[in-house]
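Participant: query_36.cif (mmCIF, C-alpha atoms) pasted underneath:
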```
data_my_file
#
loop_
_atom_site.label_atom_id
_atom_site.label_comp_id
_atom_site.auth_asym_id
_atom_site.auth_seq_id
_atom_site.Cartn_x
_atom_site.Cartn_y
_atom_site.Cartn_z
CA MET A 1 45.24 63.76 -93.24
CA ASP A 2 43.81 65.68 -96.18
CA THR A 3 42.28 62.46 -97.49
CA ILE A 4 40.57 61.78 -94.16
CA SER A 5 39.31 65.37 -93.96
CA GLY A 6 37.98 65.15 -97.50
CA LEU A 7 36.28 61.83 -96.68
CA PHE A 8 34.58 63.25 -93.61
CA GLY A 9 33.58 66.35 -95.62
CA SER A 10 32.01 64.19 -98.31
CA ILE A 11 30.17 62.08 -95.74
CA PHE A 12 28.85 65.23 -94.05
CA SER A 13 27.74 66.72 -97.37
CA TYR A 14 25.93 63.57 -98.49
CA SER A 15 24.36 63.13 -95.04
CA PHE A 16 23.10 66.71 -95.09
CA LEU A 17 21.61 66.25 -98.57
CA LEU A 18 20.01 62.98 -97.46
CA ILE A 19 18.43 64.67 -94.43
CA VAL A 20 17.13 67.54 -96.57
CA PHE A 21 15.70 65.03 -99.09
CA ALA A 22 14.03 63.07 -96.30
CA LEU A 23 12.47 66.19 -94.76
CA THR A 24 11.30 67.79 -97.99
CA VAL A 25 10.32 64.74 -100.07
CA ILE A 26 10.05 61.50 -98.09
CA MET A 27 8.26 62.91 -95.02
CA PRO A 28 5.58 64.84 -97.01
CA LEU A 29 4.93 61.69 -99.06
CA ILE A 30 4.53 59.53 -95.94
CA LEU A 31 2.25 62.09 -94.26
CA GLY A 32 0.21 62.38 -97.45
CA VAL A 33 -0.25 58.60 -97.78
CA ARG A 34 -1.36 58.36 -94.15
CA ASN A 35 -3.71 61.30 -94.68
CA TRP A 36 -5.25 59.57 -97.69
CA TYR A 37 -5.64 56.38 -95.65
CA PHE A 38 -7.37 58.14 -92.77
CA THR A 39 -9.64 60.05 -95.16
CA PHE A 40 -10.75 57.32 -97.56
CA ARG A 41 -9.90 53.89 -96.12
CA TYR A 42 -10.77 54.15 -92.44
CA PRO A 43 -14.51 55.03 -92.82
CA LYS A 44 -15.00 51.82 -94.85
CA MET A 45 -13.46 49.55 -92.21
CA SER A 46 -15.51 47.26 -89.98
CA GLU A 47 -15.50 47.61 -86.19
CA GLU A 48 -13.05 44.70 -85.91
CA GLU A 49 -10.69 46.33 -88.39
CA ARG A 50 -11.00 49.65 -86.56
CA ALA A 51 -10.06 47.99 -83.28
CA ALA A 52 -7.03 46.43 -84.93
CA HIS A 53 -5.99 49.87 -86.19
CA LYS A 54 -6.59 51.69 -82.94
CA TYR A 55 -2.95 52.79 -82.76
CA TYR A 56 -3.21 54.50 -86.12
CA MET A 57 -6.34 56.36 -85.07
CA VAL A 58 -4.56 57.65 -82.00
CA SER A 59 -1.90 59.09 -84.29
CA VAL A 60 -4.36 60.78 -86.64
CA ARG A 61 -4.15 64.08 -84.78
CA LYS A 62 -0.35 64.03 -84.80
CA ASN A 63 -0.39 63.29 -88.52
CA ASP A 64 -2.80 66.16 -89.17
CA LEU A 65 -0.74 68.61 -87.12
CA ALA A 66 2.43 67.55 -88.93
CA ILE A 67 0.74 68.11 -92.30
CA VAL A 68 -0.59 71.54 -91.32
CA ILE A 69 2.56 72.87 -89.65
CA LEU A 70 5.27 71.36 -91.87
CA GLY A 71 3.21 72.00 -95.01
CA ALA A 72 2.78 75.66 -94.10
CA VAL A 73 6.50 76.04 -93.36
CA TYR A 74 7.53 74.32 -96.60
CA SER A 75 5.07 76.35 -98.66
CA LEU A 76 6.25 79.62 -97.11
CA ILE A 77 9.87 78.71 -97.85
CA TRP A 78 8.95 77.75 -101.41
CA ILE A 79 7.00 80.94 -102.13
CA THR A 80 9.71 83.22 -100.72
CA ASN A 81 12.72 81.32 -102.08
CA CYS A 82 11.60 79.73 -105.32
CA PRO A 83 14.55 80.04 -107.77
CA LEU A 84 12.42 81.53 -110.53
CA LEU A 85 10.87 84.07 -108.17
CA LEU A 86 14.28 85.08 -106.84
CA GLU A 87 15.77 85.45 -110.31
CA PHE A 88 12.89 87.01 -112.17
CA SER A 89 10.79 88.88 -109.60
CA PRO A 90 12.43 92.02 -108.27
CA ALA A 91 10.65 94.23 -105.74
CA HIS A 92 8.81 96.17 -108.45
CA ASP A 93 5.08 96.74 -108.88
CA TYR A 94 3.51 96.72 -112.33
CA TYR A 95 4.13 100.44 -112.99
CA GLU A 96 7.93 100.17 -112.64
CA PRO A 97 10.10 98.80 -115.47
CA CYS A 98 11.95 95.52 -115.03
CA TYR A 99 14.95 94.13 -116.85
CA VAL A 100 14.44 91.87 -119.84
CA GLY A 101 13.59 88.35 -118.60
CA GLN A 102 12.32 89.51 -115.22
CA TYR A 103 8.78 89.52 -113.86
CA HIS A 104 7.01 92.02 -111.64
CA LEU A 105 5.70 91.25 -108.16
CA TYR A 106 3.00 88.58 -108.21
CA LEU A 107 1.06 90.46 -105.49
CA HIS A 108 0.69 94.24 -105.33
CA SER A 109 2.93 95.51 -102.54
CA GLU A 110 0.20 97.77 -101.12
CA TYR A 111 -2.48 95.07 -100.88
CA ASP A 112 -0.50 91.84 -100.38
CA VAL A 113 -1.11 92.09 -96.61
CA THR A 114 -4.74 91.06 -97.23
CA VAL A 115 -3.55 87.77 -98.73
CA TRP A 116 -1.14 87.03 -95.89
CA ILE A 117 -3.75 87.86 -93.22
CA THR A 118 -6.26 85.49 -94.85
CA LEU A 119 -3.66 82.73 -95.08
CA LEU A 120 -2.63 83.28 -91.44
CA LEU A 121 -6.23 83.04 -90.19
CA GLY A 122 -6.73 79.96 -92.34
CA PHE A 123 -3.63 78.39 -90.80
CA ILE A 124 -4.91 79.17 -87.28
CA GLY A 125 -8.27 77.63 -88.17
CA LEU A 126 -6.56 74.47 -89.41
CA ILE A 127 -4.49 74.23 -86.24
CA ILE A 128 -7.63 74.51 -84.07
CA ILE A 129 -9.45 71.89 -86.13
CA ALA A 130 -6.55 69.44 -86.12
CA ALA A 131 -5.41 69.88 -82.50
CA SER A 132 -8.62 70.17 -80.46
CA ASN A 133 -10.92 67.54 -79.03
CA ALA A 134 -14.23 67.73 -80.86
CA GLU A 135 -16.35 67.42 -77.71
CA LYS A 136 -14.55 70.35 -76.06
CA VAL A 137 -15.13 72.90 -78.84
CA PRO A 138 -18.59 74.55 -79.08
CA PRO A 139 -20.31 74.29 -82.47
CA ILE A 140 -20.00 77.98 -83.50
CA PRO A 141 -16.25 78.44 -82.76
CA GLN A 142 -15.74 75.04 -84.37
CA ALA A 143 -17.63 76.11 -87.50
CA LEU A 144 -15.85 79.49 -87.56
CA SER A 145 -12.47 77.72 -87.52
CA PHE A 146 -13.65 75.60 -90.43
CA ALA A 147 -14.78 78.73 -92.30
CA PHE A 148 -11.43 80.50 -91.88
CA ALA A 149 -9.59 77.32 -92.90
CA LEU A 150 -11.70 77.02 -96.03
CA LEU A 151 -11.24 80.69 -96.94
CA GLY A 152 -7.49 80.39 -96.38
CA GLU A 153 -7.29 77.31 -98.59
CA THR A 154 -9.28 79.08 -101.31
CA VAL A 155 -6.98 82.11 -101.27
CA PHE A 156 -3.93 79.81 -101.27
CA LEU A 157 -5.35 78.07 -104.35
CA PHE A 158 -5.71 81.43 -106.10
CA LEU A 159 -2.13 82.28 -105.11
CA LEU A 160 -0.85 79.08 -106.70
CA ILE A 161 -2.89 79.75 -109.84
CA GLN A 162 -1.40 83.26 -109.90
CA LEU A 163 2.12 81.79 -109.76
CA ALA A 164 1.41 78.94 -112.19
CA LYS A 165 1.77 81.10 -115.30
CA ASN A 166 5.52 81.55 -114.88
CA ASN A 167 6.40 78.59 -112.64
CA SER A 168 4.56 75.61 -114.22
CA ILE A 169 5.77 72.39 -112.58
CA LEU A 170 7.26 74.17 -109.57
CA ILE A 171 3.80 74.71 -108.04
CA ILE A 172 3.36 70.94 -107.51
CA PRO A 173 4.89 70.84 -103.95
CA PRO A 174 2.61 73.56 -102.47
CA MET A 175 -0.36 72.17 -104.43
CA TYR A 176 0.34 68.79 -102.81
CA TYR A 177 0.16 70.49 -99.40
CA LEU A 178 -3.08 72.25 -100.31
CA ILE A 179 -4.74 68.97 -101.29
CA ASN A 180 -3.67 67.38 -98.01
CA ALA A 181 -4.89 70.41 -96.05
CA ALA A 182 -8.29 70.11 -97.78
CA PHE A 183 -8.45 66.44 -96.73
CA VAL A 184 -7.62 67.40 -93.16
CA THR A 185 -10.34 70.07 -93.15
CA ALA A 186 -13.04 67.83 -94.63
CA ARG A 187 -12.27 64.80 -92.47
CA ASN A 188 -12.01 66.75 -89.23
CA THR A 189 -15.21 68.65 -89.97
CA LYS A 190 -17.04 65.35 -90.27
CA ARG A 191 -15.31 64.10 -87.10
CA TYR A 192 -16.33 67.21 -85.17
CA ILE A 193 -19.95 66.89 -86.20
CA THR A 194 -20.26 63.19 -85.38
CA GLU A 195 -18.38 63.59 -82.08
CA HIS A 196 -20.61 66.50 -81.07
CA LEU A 197 -23.77 64.51 -81.74
CA ARG A 198 -22.40 61.47 -79.92
CA TYR A 199 -21.43 63.57 -76.88
CA LYS A 200 -24.87 65.21 -76.81
CA GLN A 201 -26.57 61.82 -76.85
CA GLU A 202 -24.39 60.47 -74.03
CA HIS A 203 -24.81 63.54 -71.80
CA ASP A 204 -28.14 64.93 -70.71
CA THR A 205 -27.43 68.69 -70.79
CA GLN A 206 -29.59 71.06 -68.74
CA TYR A 207 -30.05 74.64 -70.01
CA ILE A 208 -30.84 77.66 -67.86
CA HIS A 209 -32.31 79.64 -70.75
CA GLY A 210 -34.87 78.16 -73.10
CA SER A 211 -33.27 79.87 -76.11
CA ALA A 212 -30.13 77.77 -75.66
CA GLN A 213 -32.23 74.63 -75.73
CA HIS A 214 -33.86 75.73 -78.99
CA VAL A 215 -30.44 76.35 -80.54
CA GLU A 216 -29.20 72.94 -79.40
CA LYS A 217 -32.32 71.32 -80.78
CA ALA A 218 -31.78 73.06 -84.13
CA LEU A 219 -28.23 71.68 -84.22
CA SER A 220 -29.21 68.14 -83.35
CA THR A 221 -28.70 66.59 -86.79
CA VAL A 222 -25.73 66.08 -89.04
CA ALA A 223 -27.40 68.08 -91.81
CA SER A 224 -27.99 71.14 -89.63
CA LEU A 225 -24.45 71.08 -88.25
CA THR A 226 -23.03 70.78 -91.78
CA GLU A 227 -25.14 73.73 -92.87
CA LEU A 228 -23.84 75.69 -89.88
CA HIS A 229 -20.24 75.09 -90.96
CA PHE A 230 -20.92 76.48 -94.43
CA PHE A 231 -23.15 79.26 -93.11
CA MET A 232 -20.24 80.51 -91.00
CA LEU A 233 -18.33 81.30 -94.19
CA LEU A 234 -20.32 84.52 -94.44
CA PRO A 235 -19.45 85.83 -90.93
CA ALA A 236 -15.83 84.81 -91.48
CA ALA A 237 -15.72 86.75 -94.75
CA VAL A 238 -17.32 89.77 -93.03
CA ILE A 239 -14.68 89.61 -90.28
CA LEU A 240 -11.91 89.57 -92.91
CA ILE A 241 -13.43 92.52 -94.78
CA ALA A 242 -13.71 94.46 -91.52
CA ILE A 243 -10.03 93.78 -90.79
CA PHE A 244 -9.07 94.91 -94.30
CA ILE A 245 -11.04 98.15 -93.93
CA ILE A 246 -9.54 98.85 -90.49
CA ILE A 247 -5.98 98.50 -91.81
CA GLY A 248 -6.80 100.72 -94.79
CA GLN A 249 -6.94 98.09 -97.56
CA GLY A 250 -10.61 98.47 -98.45
CA PRO A 251 -13.18 95.69 -98.93
CA ASP A 252 -11.69 94.72 -102.30
CA GLY A 253 -8.06 94.74 -101.17
CA ILE A 254 -7.58 91.01 -101.72
CA ILE A 255 -8.85 91.33 -105.30
CA LYS A 256 -6.50 94.23 -105.99
CA ALA A 257 -3.59 92.24 -104.57
CA PHE A 258 -3.98 89.72 -107.41
CA THR A 259 -5.19 91.93 -110.26
CA MET A 260 -3.10 95.10 -109.83
CA THR A 261 -0.07 93.20 -111.10
CA ALA A 262 1.62 92.46 -114.41
CA ASP A 263 2.99 89.22 -115.93
CA TRP A 264 0.90 86.81 -113.81
CA THR A 265 -2.31 84.80 -114.21
CA PHE A 266 -4.82 87.31 -112.77
CA SER A 267 -2.87 90.41 -113.79
CA THR A 268 -4.82 93.23 -115.46
CA GLN A 269 -2.13 95.92 -115.71
CA VAL A 270 0.19 96.69 -118.62
CA PRO A 271 3.80 97.29 -117.43
CA PRO A 272 6.32 99.73 -118.95
CA PRO A 273 8.71 98.38 -121.60
CA PRO A 274 11.43 96.11 -120.17
CA ILE A 275 14.93 97.42 -119.56
CA ASP A 276 17.63 95.74 -121.64
CA TYR A 277 21.19 95.52 -120.34
CA GLU A 278 22.64 92.36 -121.88
CA GLY A 279 25.26 92.46 -124.60
CA HIS A 280 27.01 95.59 -123.34
CA TYR A 281 28.79 95.41 -120.01
CA LEU A 282 28.59 99.17 -119.43
CA CYS A 283 24.80 98.82 -119.85
CA THR A 284 24.96 96.11 -117.20
CA VAL A 285 26.93 98.42 -114.91
CA ALA A 286 24.54 101.35 -115.35
CA ALA A 287 21.50 99.15 -114.68
CA GLY A 288 22.91 96.82 -112.05
CA GLY A 289 25.10 98.93 -109.73
CA HIS A 290 24.17 100.86 -106.62
CA LYS A 291 22.56 104.14 -107.64
CA LYS A 292 24.82 106.19 -105.38
CA VAL A 293 27.88 104.71 -107.13
CA VAL A 294 26.99 104.30 -110.81
CA LYS A 295 24.68 107.37 -110.82
CA PRO A 296 22.04 106.49 -113.47
CA VAL A 297 20.69 109.63 -115.12
CA ARG A 298 17.74 108.50 -117.24
CA TYR A 299 16.23 105.76 -119.38
CA GLY A 300 17.41 105.30 -122.93
CA LYS A 301 16.67 103.29 -126.07
CA ARG A 302 18.91 100.52 -127.39
CA ARG A 303 17.78 98.32 -130.29
CA GLY A 304 14.16 99.13 -129.51
CA ASP A 305 14.44 98.23 -125.82
CA THR A 306 14.50 100.49 -122.77
CA ILE A 307 17.78 100.61 -120.84
CA VAL A 308 19.23 102.53 -117.90
CA VAL A 309 22.03 104.95 -118.85
CA ASN A 310 24.58 106.86 -116.80
CA ARG A 311 27.26 109.41 -117.65
CA GLN A 312 29.92 106.74 -118.18
CA LEU A 313 27.80 104.83 -120.67
CA LEU A 314 26.82 108.00 -122.55
CA ALA A 315 30.45 109.17 -122.77
CA SER A 316 31.73 105.81 -124.04
CA ASN A 317 29.00 105.61 -126.66
CA ALA A 318 29.65 109.22 -127.74
CA PHE A 319 33.36 108.32 -128.12
CA GLU A 320 32.39 105.32 -130.27
CA ASP A 321 30.07 107.55 -132.28
CA ILE A 322 32.76 110.08 -133.17
CA ILE A 323 35.26 107.31 -133.99
CA MET A 324 32.72 105.68 -136.30
CA GLU A 325 32.11 109.08 -137.93
CA ARG A 326 35.78 110.01 -138.43
CA THR A 327 37.56 106.64 -138.89
CA PRO A 328 35.12 103.84 -139.84
CA LYS A 329 37.81 101.16 -140.26
CA PHE A 330 39.34 101.84 -136.85
CA HIS A 331 35.84 101.81 -135.35
CA LYS A 332 35.15 98.42 -136.89
CA ALA A 333 38.24 96.97 -135.20
CA ILE A 334 37.32 98.52 -131.84
CA ARG A 335 33.71 97.34 -132.16
CA GLY A 336 34.82 93.81 -132.96
CA PHE A 337 37.10 93.69 -129.91
CA TYR A 338 34.34 95.10 -127.69
CA ASP A 339 31.72 92.66 -128.95
CA LYS A 340 34.11 89.74 -128.45
CA HIS A 341 35.08 90.56 -124.87
CA GLY A 342 32.35 92.88 -123.56
CA TYR A 343 29.47 90.40 -123.66
CA PRO A 344 31.34 87.58 -121.79
CA ILE A 345 32.37 90.12 -119.15
CA SER A 346 28.76 91.26 -118.73
CA ARG A 347 27.70 87.68 -117.89
CA HIS A 348 29.85 87.86 -114.74
CA ILE A 349 28.44 91.17 -113.51
CA THR A 350 25.68 89.50 -111.51
CA THR A 351 25.70 91.61 -108.34
CA GLN A 352 25.52 95.31 -107.52
CA THR A 353 28.98 95.17 -105.94
CA ARG A 354 30.56 93.74 -109.10
CA ALA A 355 28.85 96.43 -111.17
CA ASP A 356 30.22 99.08 -108.81
CA ILE A 357 33.76 97.67 -109.14
CA VAL A 358 33.61 97.68 -112.95
CA TYR A 359 32.30 101.25 -112.87
CA ILE A 360 35.22 102.39 -110.72
CA ILE A 361 37.75 100.53 -112.90
CA MET A 362 36.29 102.15 -116.03
CA LYS A 363 36.34 105.68 -114.53
CA PRO A 364 39.81 106.66 -115.89
CA LEU A 365 38.77 105.44 -119.35
CA GLU A 366 35.61 107.54 -119.10
CA TRP A 367 37.75 110.61 -118.43
CA LEU A 368 39.88 109.81 -121.49
CA PHE A 369 36.75 109.50 -123.62
CA ILE A 370 35.53 112.91 -122.41
CA LEU A 371 38.98 114.47 -122.98
CA PHE A 372 38.99 113.08 -126.53
CA LEU A 373 35.49 114.44 -127.19
CA TYR A 374 36.35 117.89 -125.88
CA THR A 375 39.49 117.88 -128.05
CA PHE A 376 38.01 116.77 -131.38
CA ASP A 377 34.27 117.57 -131.22
CA THR A 378 32.81 121.04 -131.54
CA HIS A 379 29.81 120.29 -129.33
CA PRO A 380 30.84 117.36 -127.09
CA GLU A 381 28.02 117.67 -124.57
CA ASN A 382 25.41 117.65 -127.32
CA ARG A 383 26.88 114.44 -128.70
CA ILE A 384 26.91 112.90 -125.22
CA ALA A 385 23.32 113.99 -124.49
CA VAL A 386 21.74 112.43 -127.59
CA GLN A 387 23.21 108.95 -127.06
CA TYR A 388 20.58 106.21 -126.54
CA SER A 389 17.78 108.64 -127.35
CA ASP A 390 15.29 109.20 -130.16
CA TYR A 391 16.78 112.65 -130.83
CA PRO A 392 18.63 112.76 -134.16
CA LYS A 393 22.40 112.81 -133.59
CA LYS A 394 23.09 115.17 -136.47
#
```
So that I can check it, write out the structure of this file as structure tokens.
Facilitator:
Amino acid sequence: MDTISGLFGSIFSYSFLLIVFALTVIMPLILGVRNWYFTFRYPKMSEEERAAHKYYMVSVRKNDLAIVILGAVYSLIWITNCPLLLEFSPAHDYYEPCYVGQYHLYLHSEYDVTVWITLLLGFIGLIIIAASNAEKVPPIPQALSFAFALLGETVFLFLLIQLAKNNSILIIPPMYYLINAAFVTARNTKRYITEHLRYKQEHDTQYIHGSAQHVEKALSTVASLTELHFFMLLPAAVILIAIFIIIGQGPDGIIKAFTMTADWTFSTQVPPPPIDYEGHYLCTVAAGGHKKVVKPVRYGKRRGDTIVVNRQLLASNAFEDIIMERTPKFHKAIRGFYDKHGYPISRHITTQTRADIVYIIMKPLEWLFILFLYTFDTHPENRIAVQYSDYPKK
């Protein structure tokens, strides 16, 4: 029975991994190949070849929508759950210290909303371009959708460049989506323009106002419609700036989101020294536990690095200090035991809860350290206070 259960469990596990692989690797590759075909191969085909591939042209819109929607979902998941970002990017802006080996936020927390708004409007523009019939969308809304899509893709490119400094090869999946989104935008823009001109030629439109006729006449060529699409970038940018000002981000909020950071490509700020906690499991506890439990009191210095210290850490180090002062040989034995077992223990204190548990377990030993200090040291609190500081211990 156990064998059968294990067999079914293995089959389920492998099937799940196969489905995930198909959704995250195989499907994007297939959609990308089809996108490349529709963008570069189809315009070169003869009318006979186009007729033979009519089925594929019917599915162009579905392919574009799949690229836009699935690509956006995958990219969002990647950006918010990338292993390196989870491990090395705590919720700290550039002016707050991070632990050694960690990075600060890649977007400033006060201005990152400008980036997400731009990306959202770009996504909406792409959806409109990919899902709508060209002859049913007026030229200006059509061009405005193109403008927002292009602005969103540009900001997304800057976001990937921002992340590239500390993620290298891991930006390839979202970059692959960005390239496909650019193909979708360019191809559908051309399709919209040609379809609009074809519809205008097939339908004799009557205008009530003469001004409308002049506008239509001005937009009667491919060149003028193309210029309109790029000209709409300016109104789209003005709309974004107005939104940023209304929500209190300022006209340069999107620039500040990228530059008011540390450790990343466009960063201009210098962060505080990193906090070191490795090599000493009580350092790990003081830095990694819940503040209400481990009660950190200040920053300290350890081997030239900045660390977080609490009362327990200060007391234990003061105890070691007086032992080293009074009985150097005994201290050497204690230090050797601590170095041998303390560092491996610290490697397992990977969560706040584990740090809290170690702190509680060590509490009786902390009391013994303090009792020893108050018994054999004339000024115990002074000795405790100067630990991990630049103040001379003597």
Participant: Hey, what's within 12 Å of Trp36 in chain A if we count all atoms listed in the file and toss same-chain stuff fewer than 3 positions away? As a PyMOL selection string, please?
Facilitator: chain A and resi 29-33+39-43+60+63-64+67+176+179-184+186-187
Participant: Need the shell around Tyr299 in chain A: protein/DNA/RNA residues with any atom at most 10 Å away, counting all atoms listed in the file. Skip same-chain ones fewer than 3 positions apart. Format as a PyMOL selection string?
Facilitator: chain A and resi 275+287+296+302+306-310+388-389
Participant: Go ahead and write the selection's residues with C-alpha atoms as a PDB file, keeping the file's coordinate frame.
Facilitator:
```pdb
ATOM      1  CA  ILE A 275      14.930  97.420-119.560  1.00  0.00           C
ATOM      2  CA  ALA A 287      21.500  99.150-114.680  1.00  0.00           C
ATOM      3  CA  PRO A 296      22.040 106.490-113.470  1.00  0.00           C
ATOM      4  CA  ARG A 302      18.910 100.520-127.390  1.00  0.00           C
ATOM      5  CA  THR A 306      14.500 100.490-122.770  1.00  0.00           C
ATOM      6  CA  ILE A 307      17.780 100.610-120.840  1.00  0.00           C
ATOM      7  CA  VAL A 308      19.230 102.530-117.900  1.00  0.00           C
ATOM      8  CA  VAL A 309      22.030 104.950-118.850  1.00  0.00           C
ATOM      9  CA  ASN A 310      24.580 106.860-116.800  1.00  0.00           C
ATOM     10  CA  TYR A 388      20.580 106.210-126.540  1.00  0.00           C
ATOM     11  CA  SER A 389      17.780 108.640-127.350  1.00  0.00           C
TER      12      SER A 389
END
```
Participant: Can you pull out every residue within 8 Å of Met260 in chain A, counting all atoms listed in the file, but drop anything in the same chain fewer than 2 positions away, and send it as a VMD selection string?
Facilitator: chain A and resid 94 107 to 108 256 to 258 262 267 to 269
Participant: What gap, in Å, lies between CA of Ile127 in chain A and CA of Ser75 in chain A?
Facilitator: 15.8 Å
Participant: Could you check the closest approach to Ile357 in chain A for each of A:Val285, A:Asp321, A:Gln387, A:Phe369 and tell me which residue wins, using all atoms listed in the file?
Facilitator: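 Smallest distance to Ile357 in chain A is found for A:Val285.
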Participant: Figure out the distance between CA of Phe319 in chain A and CA of Val358 in chain A, please, to one decimal in Å.
Facilitator: 18.5 Å
Participant: Can I get a file of range 366-382 of chain A from the given structure, N, CA and C atoms kept, as a CSV table (one decimal), in the first residue's frame?
Facilitator:
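This went into out10.csv:
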```csv
chain,number,residue,atom,x,y,z
A,366,GLU,N,22.2,34.2,30.0
A,366,GLU,CA,22.4,35.7,30.1
A,366,GLU,C,22.3,36.1,31.5
A,367,TRP,N,21.4,35.6,32.3
A,367,TRP,CA,21.3,36.0,33.7
A,367,TRP,C,22.5,35.5,34.5
A,368,LEU,N,23.1,34.4,34.2
A,368,LEU,CA,24.3,33.9,34.8
A,368,LEU,C,25.5,34.8,34.5
A,369,PHE,N,25.5,35.2,33.2
A,369,PHE,CA,26.6,36.1,32.8
A,369,PHE,C,26.6,37.4,33.6
A,370,ILE,N,25.3,38.0,33.8
A,370,ILE,CA,25.2,39.2,34.5
A,370,ILE,C,25.5,39.0,36.0
A,371,LEU,N,25.1,37.9,36.5
A,371,LEU,CA,25.4,37.6,37.9
A,371,LEU,C,26.9,37.5,38.2
A,372,PHE,N,27.6,36.8,37.2
A,372,PHE,CA,29.0,36.7,37.3
A,372,PHE,C,29.7,38.1,37.2
A,373,LEU,N,29.2,38.9,36.3
A,373,LEU,CA,29.8,40.3,36.2
A,373,LEU,C,29.6,41.1,37.4
A,374,TYR,N,28.4,41.0,38.0
A,374,TYR,CA,28.1,41.8,39.2
A,374,TYR,C,28.9,41.3,40.4
A,375,THR,N,29.3,40.0,40.3
A,375,THR,CA,30.1,39.4,41.4
A,375,THR,C,31.6,39.7,41.4
A,376,PHE,N,32.1,39.8,40.1
A,376,PHE,CA,33.6,39.9,40.0
A,376,PHE,C,34.1,41.1,39.3
A,377,ASP,N,33.2,42.0,38.9
A,377,ASP,CA,33.6,43.2,38.2
A,377,ASP,C,33.1,44.4,39.0
A,378,THR,N,34.0,45.4,39.2
A,378,THR,CA,33.7,46.6,40.0
A,378,THR,C,32.7,47.5,39.3
A,379,HIS,N,32.7,47.6,38.0
A,379,HIS,CA,31.8,48.4,37.2
A,379,HIS,C,31.2,47.5,36.1
A,380,PRO,N,30.3,46.6,36.4
A,380,PRO,CA,29.7,45.7,35.4
A,380,PRO,C,29.0,46.4,34.3
A,381,GLU,N,28.2,47.4,34.6
A,381,GLU,CA,27.4,48.0,33.6
A,381,GLU,C,28.3,48.8,32.6
A,382,ASN,N,29.4,49.4,33.1
A,382,ASN,CA,30.3,50.1,32.2
A,382,ASN,C,30.9,49.1,31.2
```
